[in-house]
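One structure is given below, encoded as structure tokens.
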Amino acid sequence: MNRFTFAVLPFVLAGCATTPRPVTTDPIEVQILAINDFHGYLEPPRQAIDATLPDGTPVKVPAGGASYLASAAKALRAGKPHSITVSAGDLISGGPLVSTLYLDEPTIEVMEEVGLELNAVGNHEFDRGRDELLRMQNGGCEKHTTRAPCAVQPFDGADFKFLAANVRSGDGATLFPGTVIREFGPVKIGFIGMTLQGTATIVTPAGVAGLTFEDEAATANAAIPAMKAAGTNAIVLLIHQGGRTGAGYNDKSCPNLDGEIMPIRAKLDPEIDLVISGHTHQAYICERPRASAPPLLLTSAGQFGTLISDIRLTFAPDGTLRSQQANNVIVQGESFVGTAGEVPIQPAITAYPPDAPTEALVSLYGKAAEPLAGRVVGTLDGPLTRQRSPARELTGGLFIADAQLAATKHLGAQIAFSNSGGVRADIIPGRNGEITFGQLFAMQPFGNNLVVKTLTGARLKALLEQQFESGFNTLKRPSILQPSQGFFFAYDMSQPSGQRIVEMKLDGKPIETGANYRIAIVNFLSTGGDNFTIFKEGTDLIDPNIVDVEASEAYLKAGAKVPPLGRIEDRTPEGWLPPN
């Protein structure tokens, strides 16, 4: 495996004297701190990390919050002469109101306090379109969405660099630079940043019009020759695509490692030493062997700033990469009360104090958002969650579908569907069951409009078949739509393609193949989002100009209850496994 070394040149080239670099005989350690899928979670996300104390006791550790993340990053960097902090995408969008209401300007500012230097764009960076994403980098107050920019203070853009090696505009140029080379004493490290090739299928199409998303491995490999020519000693791929394992957040054994990152990983040039990944919201530190090359280290820090990957690359004095190791560090900050009760601070695990400058920024935007976020909009008799039932139902998703049906029944809607990935947070009622607008917004933050379309019974069945076989929707990871009250369907994944939906009923009556049905969905799904392309075939479209979260608020005010499960039934035989 070729590696580049550096020689001191004690002579004059072209009449210009060079300044020799200090010669060292000690190993050189470079620290890379990495996060991914922050999604604007400025305030603690009320999530716990399952950990084990030194004595073997399993515990839940409260984690996350921007001020604690900044504190952790600064503490981990302390005393390290060679360090860089990076992100594998989805810094913004798809998160709570306190950031989303202000177009994620506060998240960009907070990440400057965290010390972020590079961010490989993810799919959610494109949620508000190309022009708004460019504003995130370059700053300014030009309006590209329905929300007003610079509502709290002027916005000068990100001090850190966005990378997008595989995103090209119509003129063939990349939307952002694809690569960066950074020097750490005598060591040069090249960074390649990109999003997943399938970004266009999981964001609203209008947001990525005119952009192309190229193959991840081919793009990364194409960048290698220039980096080698520039004398890099190691190459790091920051990619917003990831995997899954059956282990804990820092278990290096990585059992059952799989996911969309694996075929990409298999095609990568051996010159790539480290892959920092994201998108799946899973945490892992995995090192896997490669033919004719050192093992490849693959990392991910979960989601919402609850973890930070502390990666160390050690180089010999001549610049040769000798070793690499990583640990996911829990960003423990403050206790909270969740669906299972109180999650207290664990004294045996490092707890970080709030970082004062970051806390001040979060407080500034939090206070600005409080009149809207804190407004009580109704009550509930229990929590709405993203926890999947055995049939893959989510009470949060069923609630959203019910709200959308209630908002569009006057337009003839008979069935509503919400997408599981659109349920972004749990809702835990407060005192006397109170629910605030901020909680509703955190559960569905995208601001999509509702639309109503007509599908025949035959096309409705074909649509539901896409839950198991369309783009990223597979038998290994089906994407189950959440139906409104009155609609029922059953599936059997062991059946052949196109025959996995084995029963459909509306109000107890079987769906008729040739009959027409009016379907309520958000515009994201209507245009084929999440690979449900059959929604695009719907006819007689009506757009009542109702925003999704407004529908949920109205439904809650009307006295909604937590929806019971039972609208979906999994009839797959016990023990069946999807084919490889």
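In the structure tokens, each chain is lettered A, B, ... as it comes, each chain's residues begin at 1, and ligands are numbered from 1 in order of appearance.
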Quick one: everything within 8 Å of Asn328 (chain A), counting only C-alpha atoms, minus sequence neighbours fewer than 5 positions away in the same chain. Send it as an MDAnalysis selection string.
chainID A and resid 249:250 283:285 301 307:310
Taking the chain letters and numbering used in this document, name the residues of region 61-223 of chain A that DSSP puts in strand (DSSP E or B), as a count of residues only.
36
Exercise: Phe487 (chain A) partners within 12 Å, only C-alpha atoms, chain neighbours under 3 positions left out, as a VMD selection string
chain A and resid 398 401 to 402 405 414 to 417 460 481 to 484 490 503 to 511 517 519 565 to 569
Give the answer as one residue: which of A:Ala200, A:Ile272, A:Val377, A:Ala351 has the shortest atom-to-atom distance to Asn221 (chain A), using only C-alpha atoms?
A:Ile272
Could you list, as a VMD selection string, every residue within 10 Å of Asn448 (chain A), counting only C-alpha atoms and ignoring same-chain residues fewer than 5 positions away?
chain A and resid 204 521 to 525 545 to 549
Need the shell around Thr179 (chain A): protein/DNA/RNA residues with any atom at most 8 Å away, counting only C-alpha atoms. Skip same-chain ones fewer than 6 positions apart. Format as a compact mmCIF listing (two decimals) with N, CA and C atoms, in the first residue's frame?
```txt
# COMPACT_ATOMS: atom_id res chain seq x y z
N LEU A 163 -19.11 20.11 2.33
CA LEU A 163 -18.51 19.30 1.27
C LEU A 163 -19.61 18.50 0.57
N ALA A 165 -19.01 16.15 -2.69
CA ALA A 165 -18.25 15.68 -3.85
C ALA A 165 -19.12 15.07 -4.92
N GLY A 190 -6.31 13.97 3.78
CA GLY A 190 -7.32 14.40 2.82
C GLY A 190 -8.71 13.96 3.27
N PHE A 191 -9.68 14.84 3.12
CA PHE A 191 -11.06 14.55 3.48
C PHE A 191 -11.93 14.66 2.23
N ILE A 192 -12.74 13.63 2.00
CA ILE A 192 -13.74 13.63 0.92
C ILE A 192 -15.11 13.65 1.60
N GLY A 193 -16.00 14.54 1.17
CA GLY A 193 -17.32 14.62 1.79
C GLY A 193 -18.43 14.48 0.77
N ALA A 223 -11.44 10.82 -6.57
CA ALA A 223 -10.74 11.91 -5.89
C ALA A 223 -9.35 11.49 -5.39
```
Within 10 Å of Arg265 (chain A) using only C-alpha atoms, minus same-chain residues under 2 positions, as an mmCIF file with C-alpha atoms, in the first residue's frame:
```
data_model
loop_
_atom_site.group_PDB
_atom_site.id
_atom_site.type_symbol
_atom_site.label_atom_id
_atom_site.label_comp_id
_atom_site.auth_asym_id
_atom_site.auth_seq_id
_atom_site.Cartn_x
_atom_site.Cartn_y
_atom_site.Cartn_z
ATOM 1 C CA GLU A 216 -20.618 7.320 -3.805
ATOM 2 C CA ALA A 217 -17.752 4.858 -4.275
ATOM 3 C CA GLY A 242 -24.459 4.190 7.038
ATOM 4 C CA GLU A 260 -26.298 0.452 2.553
ATOM 5 C CA ILE A 261 -22.753 1.483 3.481
ATOM 6 C CA MET A 262 -21.476 -2.076 3.017
ATOM 7 C CA PRO A 263 -21.553 -2.319 -0.818
ATOM 8 C CA LYS A 267 -15.820 -0.736 -3.726
ATOM 9 C CA LEU A 268 -13.635 1.885 -2.046
ATOM 10 C CA ASP A 269 -10.027 2.395 -3.111
ATOM 11 C CA PRO A 270 -7.610 0.832 -0.552
ATOM 12 C CA ILE A 272 -9.102 5.327 1.935
ATOM 13 C CA VAL A 275 -14.974 6.084 6.788
ATOM 14 C CA ARG A 290 -9.584 -5.789 3.488
ATOM 15 C CA LEU A 296 -10.839 -0.139 7.230
ATOM 16 C CA LEU A 298 -15.959 2.611 10.007
#
```
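Proximity to Leu440 (chain A) was assessed for A:Glu370, A:Asp273, A:Glu553, A:Glu287 counting only C-alpha atoms; the smallest distance is recorded for A:Glu553.
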Per DSSP on the backbone, what are the alpha helix (DSSP H) residues of region 155-403 of chain A, as number ranges by chain?
A: 216-229, 261-267, 356-373, 395-403
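Taking CA of Leu69 (chain A) as the reference point, CA of Arg46 (chain A) is found at 14.0 Å.
Summary of the local environment: counting only C-alpha atoms, residues at most 6 Å from Thr245 (chain A), other than itself and those fewer than 2 positions away along its chain, are Ala247, Cys254, Pro255, Asn256 and Leu257 of chain A.
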Figure out the distance between CA of Gln197 (chain A) and CA of Ser420 (chain A), please, to one decimal in Å.
21.1 Å
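Residue nearest Gln387 (chain A) within the list A:Arg288, A:Lys557, A:Arg244, A:Arg424: A:Arg424 [criterion: smallest interatomic distance, only C-alpha atoms].
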